[in-house]
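Colleague: Here it is, the structure, as structure tokens.
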Amino acid sequence: ETSIELTTSKELLLRPSTPRFLVAGDQVELATIIQNNSGGPLSADVSIQVVGVNLDDPSQIMQRVDLPAGGRQRVTWRGVVQPVDAVDILFQAFNETYQDAARPERNPIPVLRYSSPQTFGTSGVLADPGEITEVVSLPRSFTPTGGELRIEMAPSMAAMILKGLDALEAFPYQYPEGVLSRLLPNLETYRTLTELGIDNPELKTRLEDAISNGLRRLQSLQVADGGWGWYANDRSDLYLSAYVVYGLNRAVAAGVSVDENMLRQGVSYLEGQYYLPDITANDWEIDRQVFVAFALTEGGQEVFLDGLHDLRDRLAPWSKSMLAMSIQKMDAGDERVKTLTADLEGSAIRTATGAFWQDDTETYYTLSTPNFNSAMVLTLLARVNPASPLVADAVRYLSINRNIHGGWLSSYETAWVLMSLTDVLRGTGELQAIYEFSAAVNGTPVASGNAGGLENINIVSARLPLSDLNPNGPNALTISRSGTAGRLYYRAYLQVFRPVAEATPINRGISVDRQYYLNWEECQQDGCTPTTSYSLNAEDQPVVVRLNLAVPNDLYQVVVDDFLPAGSEIIDRSLKIAQQGEPTPSGNNYSPYDPLGGGWGWWWFNSPKVYDDHIQWVADYLPAGTYTLTYEIMPAHVGEFQVIPAHAYMNYFPEVEGLSAGEVFSILP
């Protein structure tokens, strides 16, 4: 045997040099390196074809280059990134003998928005024939840089459920909660639509893939003790583990194949953690044990529930609903189910937008929100008292409180709401209703459709640019329908973009600001002055990015995202390319030489995850206080880059958030 190593190359070679991502409005330099491997001097014409960037000098699209043998040269073009979804680039070089063409490794290059979106929405349900008019007005306090009016009409709750499944795809699902929150609604939707006789092969394949992928991912994330943690390599959490075991039991009940060992270990973990709280326990601890019992009874385990029932006056609406369903599971004729249901019906909060329930206790421990509470009560009512007028009122409330993408506040909340709607869908009969519906803006029709039968369940939508609206006065949006039965669900969202440069930092329970520093080790002793520029020729050290957070109250499941300038790269120390023991301000790697190198309080956060355009930290629990997180970037591409604000928020309560100011970071030749 013998082995021969050959190295080959084209005589004329292009190597693109572009950022991994861009931001609309960036002043960017696009470049390619042309190399002559022909063995003699040559001249070539180098050109660029680009969609999404307006070049400063279009006459320089093609440039003549003279190269000696073995020589190389960097050829550049400058321009402004346009508000597009992505930039498509093709570099070409040729002469009489040779030619080459190349695109960037990650092409097309995604384009982010340097703007602060603001959304104003309305929703409703037309249960009777007629029309309703909503008033839409553009903001007067600033001039929007862009935006649109979105109108959606759903002739069936099935359409709203399918839209919610699409919305779940936008949430991260690499962790157990996100995986299960994606799996469960897909499972229940597949089961419900099958029962209703809806035969859609494409939808069936999509749901089956989501279910099988989710089960495999949950198995890989299970902790050795049988439970599941909030994040990979995290310790088991009882609340989350109950959620996963409940989901696995639902999958088994639907006839889905689930790994027996995974489920058995999960059940064993819950059984070992289940106990009857005494009167000195916190309310959230009692709620949590109800959830454990709910997960176990769903799988047919016998659980002693009398003690929990004795504590029913201390239960949140969602856990009281779970207790009622657990009792019903063990004994369908138990009178306590009717008593608990009547208590919940009497505690409903009624408004002009429907009926809802909320938890008066500390909610961060159990991810409790009004939408979550309302979804659980709605699930109970759909199972034991579907004729209750509160069913329609709760559906109206939940439909109104969707976000612009069709989901709800978080992946967890969205999952429970979608499951409650599938329970209601089974008994509404709305798929048999026949009627016509339409929408008009200022008297001009913009969308219409028909309801009736299994083939007419899709959402009818329209999107109008701001130029189609009256900027100086109110605009009339009219929704109308005919027929005598069924419900028309509608919603409209006006989304406008405000330049970040004009928007001040936001503090809604978390304060965050960001600075960039050069010569970090020296400036810590002599005093540091933040910078907003970097010279590729003058500097040879990374830039240290420092995030300062102030948290006035204890928070749970806190996420911190920071976006970097588009022309730079994050230095990921977790790849261990640095010398062992080297002091570094990056990441969560402890160094005995510099224990505070990652900032102050970094030990409360999981190791940061590095993406092309941002870095992310997550903390299961963050006590009140101040924190500093630092990491390093290395500028690589010339330009003036608009840096999207840093964002800190509670994952399951995103209204608790903070945003830093936006800024421009210049990378000079």
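Residue names in the structure tokens use chain letters A, B, ... in the order shown, residue numbers from 1 in each chain, and ligand numbers from 1 in the order shown.
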What's around A:Gly625 at 9 Å? Count only C-alpha atoms, leave out sequence neighbours fewer than 3 positions away in its own chain, and write the answer as a list in words.
Modeller: Leu549, Ala550, Val551, Pro552, Asn553, Asp554 and Leu622 of chain A
Colleague: Running DSSP on the backbone, which parts of stretch 227-428 of chain A land in helix (DSSP H, G or I), as a PyMOL selection string?
Modeller: chain A and resi 238-253+260-273+283-298+306-310+312-314+317-330+335-346+370-384+389-400+411-428
Colleague: For a quick check of understanding, using only C-alpha atoms, which of A:Trp318, A:Phe356, A:Phe605, A:Tyr365 has the smallest distance to A:Tyr239?
Modeller: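 Checking each candidate against A:Tyr239, we get A:Tyr365 as the closest.
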Colleague: Quick check for you: according to DSSP on this backbone, which residues of stretch 339-502 of chain A are classed as strand (DSSP E or B)? Reply as a PDB file with C-alpha atoms, in the first residue's frame.
Modeller:
ATOM      1  CA  ILE A 349     -63.430  37.624  35.624  1.00  0.00           C
ATOM      2  CA  ARG A 350     -65.791  38.976  32.967  1.00  0.00           C
ATOM      3  CA  THR A 351     -64.890  41.892  30.707  1.00  0.00           C
ATOM      4  CA  GLY A 354     -64.559  37.824  27.277  1.00  0.00           C
ATOM      5  CA  ALA A 355     -63.879  35.857  30.452  1.00  0.00           C
ATOM      6  CA  PHE A 356     -60.572  34.918  32.026  1.00  0.00           C
ATOM      7  CA  TYR A 435     -71.388  31.541   5.461  1.00  0.00           C
ATOM      8  CA  GLU A 436     -69.450  34.223   3.578  1.00  0.00           C
ATOM      9  CA  PHE A 437     -67.166  36.806   5.139  1.00  0.00           C
ATOM     10  CA  SER A 438     -65.061  39.790   4.053  1.00  0.00           C
ATOM     11  CA  ALA A 439     -62.916  42.717   5.196  1.00  0.00           C
ATOM     12  CA  ALA A 440     -62.698  46.260   3.829  1.00  0.00           C
ATOM     13  CA  VAL A 441     -60.510  49.271   4.641  1.00  0.00           C
ATOM     14  CA  THR A 444     -62.284  49.178  -0.300  1.00  0.00           C
ATOM     15  CA  PRO A 445     -62.517  45.344  -0.128  1.00  0.00           C
ATOM     16  CA  VAL A 446     -59.196  43.742   0.826  1.00  0.00           C
ATOM     17  CA  ALA A 447     -60.064  40.086   1.623  1.00  0.00           C
ATOM     18  CA  SER A 448     -62.993  37.653   1.488  1.00  0.00           C
ATOM     19  CA  GLY A 449     -63.740  33.969   1.897  1.00  0.00           C
ATOM     20  CA  ASN A 450     -66.257  31.218   2.515  1.00  0.00           C
ATOM     21  CA  ALA A 451     -66.814  28.997   5.528  1.00  0.00           C
ATOM     22  CA  VAL A 460     -57.888  34.434   4.918  1.00  0.00           C
ATOM     23  CA  SER A 461     -55.442  37.306   5.296  1.00  0.00           C
ATOM     24  CA  ALA A 462     -54.426  40.632   3.784  1.00  0.00           C
ATOM     25  CA  ARG A 463     -51.372  42.842   4.272  1.00  0.00           C
ATOM     26  CA  LEU A 464     -51.534  46.550   3.485  1.00  0.00           C
ATOM     27  CA  PRO A 465     -48.449  48.811   3.431  1.00  0.00           C
ATOM     28  CA  ASN A 475     -59.027  54.477   8.879  1.00  0.00           C
ATOM     29  CA  ALA A 476     -62.139  52.292   9.034  1.00  0.00           C
ATOM     30  CA  LEU A 477     -61.601  48.519   9.048  1.00  0.00           C
ATOM     31  CA  THR A 478     -64.932  46.722   8.540  1.00  0.00           C
ATOM     32  CA  ILE A 479     -65.334  42.971   9.134  1.00  0.00           C
ATOM     33  CA  SER A 480     -68.608  41.391   7.973  1.00  0.00           C
ATOM     34  CA  ARG A 481     -70.175  37.949   7.657  1.00  0.00           C
ATOM     35  CA  LEU A 488     -65.749  34.142  12.514  1.00  0.00           C
ATOM     36  CA  TYR A 489     -62.508  34.863  14.363  1.00  0.00           C
ATOM     37  CA  TYR A 490     -60.703  37.994  13.224  1.00  0.00           C
ATOM     38  CA  ARG A 491     -57.747  40.085  14.239  1.00  0.00           C
ATOM     39  CA  ALA A 492     -55.868  43.081  12.877  1.00  0.00           C
ATOM     40  CA  TYR A 493     -52.384  44.314  13.728  1.00  0.00           C
ATOM     41  CA  LEU A 494     -50.825  47.629  12.829  1.00  0.00           C
ATOM     42  CA  GLN A 495     -47.055  47.215  13.047  1.00  0.00           C
ATOM     43  CA  VAL A 496     -44.850  50.268  12.610  1.00  0.00           C
ATOM     44  CA  PHE A 497     -41.064  50.563  12.810  1.00  0.00           C
ATOM     45  CA  ARG A 498     -39.392  53.336  14.733  1.00  0.00           C
ATOM     46  CA  PRO A 499     -35.674  54.049  14.179  1.00  0.00           C
TER      47      PRO A 499
END
Colleague: Please, what distance in Å, to one decimal, runs between atom CA of A:Arg78 and atom CA of A:Asn54?
Modeller: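 Separation between atom CA of A:Arg78 and atom CA of A:Asn54: 8.5 Å.
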Colleague: Could you jot down the atom CA of A:Leu629 to atom CA of A:Leu547 separation for me, Å, one decimal place?
Modeller: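 Going from atom CA of A:Leu629 over to atom CA of A:Leu547, I get 5.1 Å.
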Colleague: List the neighbours of stretch 368-371 of chain A out to 7 Å using only C-alpha atoms; skip same-chain residues closer than 4 positions along the sequence, and give me the result as a PDB file with C-alpha atoms, in the first residue's frame.
Modeller:
ATOM      1  CA  PHE A 356     -60.572  34.918  32.026  1.00  0.00           C
ATOM      2  CA  TRP A 357     -58.978  33.655  35.231  1.00  0.00           C
ATOM      3  CA  GLN A 358     -55.811  34.770  36.970  1.00  0.00           C
ATOM      4  CA  ASP A 359     -53.586  33.641  39.829  1.00  0.00           C
ATOM      5  CA  THR A 363     -46.545  33.211  39.613  1.00  0.00           C
ATOM      6  CA  TYR A 364     -42.906  32.991  38.549  1.00  0.00           C
ATOM      7  CA  ALA A 375     -56.604  27.735  29.043  1.00  0.00           C
ATOM      8  CA  LEU A 398     -57.780  33.846  24.291  1.00  0.00           C
ATOM      9  CA  GLU A 413     -48.453  29.303  27.301  1.00  0.00           C
TER      10      GLU A 413
END
Colleague: Tell me which of A:Ser220, A:Arg314, A:Arg426, A:Ser319 sits closest to A:Thr194, counting only C-alpha atoms.
Modeller: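 Smallest separation from A:Thr194 among the options: A:Arg426.
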Colleague: Which one of A:Glu152, A:Glu285, A:Glu345, A:Glu29 sits closest to A:Pro669 if you count only C-alpha atoms?
Modeller: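 Smallest distance to A:Pro669 is found for A:Glu29.
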Colleague: Using only C-alpha atoms, which of A:Ile459, A:Val245, A:Val87, A:Leu409 sits nearest A:Trp228?
Modeller: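 The shortest atom-to-atom distance to A:Trp228 comes from A:Val245.
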Colleague: If we count only C-alpha atoms and set the cut-off at 8 Å, which residues sit around A:Val545, ignoring sequence neighbours fewer than 5 positions away in its own chain? Please answer as a PDB file with N, CA and C atoms, in the first residue's frame.
Modeller:
ATOM      1  N   ARG A 514     -24.695  48.764  27.371  1.00  0.00           N
ATOM      2  CA  ARG A 514     -23.589  48.078  26.700  1.00  0.00           C
ATOM      3  C   ARG A 514     -22.489  49.074  26.356  1.00  0.00           C
ATOM      4  N   GLN A 515     -21.217  48.640  26.532  1.00  0.00           N
ATOM      5  CA  GLN A 515     -20.063  49.442  26.111  1.00  0.00           C
ATOM      6  C   GLN A 515     -19.026  48.536  25.435  1.00  0.00           C
ATOM      7  N   TYR A 516     -18.201  49.174  24.573  1.00  0.00           N
ATOM      8  CA  TYR A 516     -17.100  48.489  23.896  1.00  0.00           C
ATOM      9  C   TYR A 516     -15.780  49.087  24.391  1.00  0.00           C
ATOM     10  N   TYR A 517     -14.789  48.218  24.639  1.00  0.00           N
ATOM     11  CA  TYR A 517     -13.507  48.684  25.170  1.00  0.00           C
ATOM     12  C   TYR A 517     -12.340  48.092  24.380  1.00  0.00           C
ATOM     13  N   THR A 630     -19.314  39.914  30.188  1.00  0.00           N
ATOM     14  CA  THR A 630     -18.369  40.379  29.174  1.00  0.00           C
ATOM     15  C   THR A 630     -18.040  39.259  28.198  1.00  0.00           C
ATOM     16  N   TYR A 631     -17.704  39.646  26.989  1.00  0.00           N
ATOM     17  CA  TYR A 631     -17.230  38.713  25.972  1.00  0.00           C
ATOM     18  C   TYR A 631     -16.388  39.495  24.973  1.00  0.00           C
ATOM     19  N   GLU A 632     -15.772  38.791  24.041  1.00  0.00           N
ATOM     20  CA  GLU A 632     -14.852  39.430  23.102  1.00  0.00           C
ATOM     21  C   GLU A 632     -15.352  39.292  21.663  1.00  0.00           C
ATOM     22  N   ILE A 633     -15.102  40.322  20.876  1.00  0.00           N
ATOM     23  CA  ILE A 633     -15.356  40.264  19.437  1.00  0.00           C
ATOM     24  C   ILE A 633     -14.096  40.696  18.705  1.00  0.00           C
TER      25      ILE A 633
END
Colleague: Considering only C-alpha atoms, return as a list in words whatever protein or nucleic-acid residues lie within 12 Å of A:Glu195, sequence-local ones (same chain, fewer than 4 positions apart) excluded.
Modeller: Glu188, Thr189, Tyr190, Arg191, Asp199, Ala254, Thr422, Asp423, Leu425, Arg426 and Gly427 of chain A
